[in-house]
Structures are given as structure tokens and as C-alpha cells.
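These notes concern the structure reproduced below.
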Amino acid sequence: MGGFRKEESHQMTESLRCALKWIDNGHTNFHDENTIILCLKRTDGLLLSHGTRFEIEFE
């Protein structure tokens, strides 16, 4: 979706900071121009819980 520090990403950056309080935990270098906001769309997944297998399909 774009570079984290780029002006066109500012609104998304602020939204992420509000939603993900841990985003500024020191493990990410936001001053690096190669740090980007990446959007992934899930199509399916697998959840294992206490020996039970759940296969998930996202629409």
C-alpha cells in the first residue's frame, strides 16, 4: 500500500497506530524508506485448537 513514512500513507499510518497499540514497540524501523504497509487478503486458513482442526475459508 506504500511506504510507512510517505505523505500519501499518513492517514493509514495514523489509523494503524490507533488500532495497533504495539506498532511502536521498537521492533520496526519506521525511518527506513523500505518499511512499507502491506495489505494481504486471506483466502483460507487452518486453526488448530486443543487437538481439533478447523479449516477456514474467507470470502
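Within each chain, counting starts at residue 1; across the C-alpha cells, chains are named A, B, ... in the order shown, with ligands numbered 1 upward in that order.
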Just list the residues in range 5-46 of chain A DSSP gives strand (DSSP E or B) on the backbone, as a compact mmCIF listing (two decimals) with N, CA and C atoms, in the first residue's frame.
# COMPACT_ATOMS: atom_id res chain seq x y z
N ILE A 36 7.27 -0.75 4.72
CA ILE A 36 6.05 -0.49 3.95
C ILE A 36 4.81 -0.97 4.69
N ILE A 37 3.66 -0.51 4.23
CA ILE A 37 2.38 -1.02 4.69
C ILE A 37 1.94 -2.03 3.65
N ASP A 44 -7.86 -18.64 2.66
CA ASP A 44 -8.21 -19.77 3.51
C ASP A 44 -7.23 -19.85 4.66
N GLY A 45 -7.54 -20.69 5.61
CA GLY A 45 -6.67 -20.81 6.77
C GLY A 45 -6.92 -22.10 7.52
N LEU A 46 -6.06 -22.34 8.47
CA LEU A 46 -6.15 -23.54 9.30
C LEU A 46 -5.92 -23.12 10.75
Give me the residues near Glu33 in chain A as a list in words, where near means some atom within 12 Å (using only C-alpha atoms) and where sequence neighbours in that chain fewer than 3 positions away do not count.
Gly2, Gly3, Phe4, Arg5, Lys6, Thr28, Asn29, Phe30, Ile36 and Ile37 of chain A
Can I get the selected residues back with N, CA and C atoms, as a short mmCIF file (atom, residue, chain, number, x, y, z; two decimals), in the first residue's frame?
data_model
loop_
_atom_site.label_atom_id
_atom_site.label_comp_id
_atom_site.auth_asym_id
_atom_site.auth_seq_id
_atom_site.Cartn_x
_atom_site.Cartn_y
_atom_site.Cartn_z
N GLY A 2 2.13 1.09 0.27
CA GLY A 2 3.02 2.24 0.22
C GLY A 2 3.98 2.29 1.38
N GLY A 3 4.92 3.20 1.27
CA GLY A 3 5.90 3.41 2.32
C GLY A 3 5.25 3.96 3.58
N PHE A 4 5.67 3.49 4.72
CA PHE A 4 5.08 3.88 6.00
C PHE A 4 5.22 5.37 6.26
N ARG A 5 6.34 5.96 5.87
CA ARG A 5 6.61 7.35 6.16
C ARG A 5 6.22 8.30 5.03
N LYS A 6 5.72 7.78 3.92
CA LYS A 6 5.36 8.64 2.79
C LYS A 6 4.10 9.43 3.12
N THR A 28 10.34 -2.28 14.78
CA THR A 28 10.22 -1.84 13.40
C THR A 28 10.94 -0.53 13.23
N ASN A 29 11.71 -0.40 12.16
CA ASN A 29 12.43 0.83 11.87
C ASN A 29 11.60 1.67 10.91
N PHE A 30 10.81 2.59 11.45
CA PHE A 30 9.95 3.41 10.62
C PHE A 30 10.72 4.49 9.86
N ILE A 36 7.27 -0.75 4.72
CA ILE A 36 6.05 -0.49 3.95
C ILE A 36 4.81 -0.97 4.69
N ILE A 37 3.66 -0.51 4.23
CA ILE A 37 2.38 -1.02 4.69
C ILE A 37 1.94 -2.03 3.65
#
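Across the model, the gap from CA of Met12 in chain A to CA of Cys39 in chain A is 11.3 Å.
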With distances taken over only C-alpha atoms, the candidate from A:Phe54, A:Thr43, A:Glu59, A:Leu38 nearest Thr13 in chain A is A:Leu38
Among the residues of range 13-47 of chain A, find those DSSP assigns to helix (DSSP H, G or I) from the backbone and print them as an mmCIF file with C-alpha atoms, in the first residue's frame.
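The file below, part_35.cif, is the result:
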data_model
loop_
_atom_site.group_PDB
_atom_site.id
_atom_site.type_symbol
_atom_site.label_atom_id
_atom_site.label_comp_id
_atom_site.auth_asym_id
_atom_site.auth_seq_id
_atom_site.Cartn_x
_atom_site.Cartn_y
_atom_site.Cartn_z
ATOM 1 C CA THR A 13 -0.293 5.173 9.306
ATOM 2 C CA GLU A 14 -2.275 7.072 11.929
ATOM 3 C CA SER A 15 -5.162 4.584 11.689
ATOM 4 C CA LEU A 16 -2.740 1.705 12.234
ATOM 5 C CA ARG A 17 -1.170 3.427 15.228
ATOM 6 C CA CYS A 18 -4.612 3.825 16.832
ATOM 7 C CA ALA A 19 -5.700 0.261 16.089
ATOM 8 C CA LYS A 21 -1.032 -0.035 20.063
ATOM 9 C CA TRP A 22 2.016 -2.333 19.831
ATOM 10 C CA ILE A 23 3.130 -0.969 16.434
ATOM 11 C CA ASP A 24 5.697 1.377 18.039
#
Provide the CA of Gly26 in chain A to CA of Gln11 in chain A distance in Å, to one decimal place.
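Separating CA of Gly26 in chain A from CA of Gln11 in chain A is a distance of 20.9 Å.
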Residues at most 12 Å from Leu47 in chain A, counting only C-alpha atoms, excluding those fewer than 6 positions away in the same chain, as a compact mmCIF listing (two decimals) with N, CA and C atoms, in the first residue's frame?
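After the write, selection_32.txt holds the following:
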# COMPACT_ATOMS: atom_id res chain seq x y z
N ARG A 53 -9.06 -29.59 14.57
CA ARG A 53 -8.62 -28.90 13.35
C ARG A 53 -9.81 -28.16 12.73
N PHE A 54 -9.64 -26.88 12.48
CA PHE A 54 -10.68 -26.07 11.85
C PHE A 54 -10.11 -25.51 10.55
N GLU A 55 -10.71 -25.86 9.43
CA GLU A 55 -10.31 -25.27 8.16
C GLU A 55 -11.26 -24.11 7.88
N ILE A 56 -10.69 -22.97 7.51
CA ILE A 56 -11.45 -21.74 7.36
C ILE A 56 -11.30 -21.23 5.93
N GLU A 57 -12.41 -20.83 5.33
CA GLU A 57 -12.40 -20.19 4.03
C GLU A 57 -12.92 -18.76 4.19
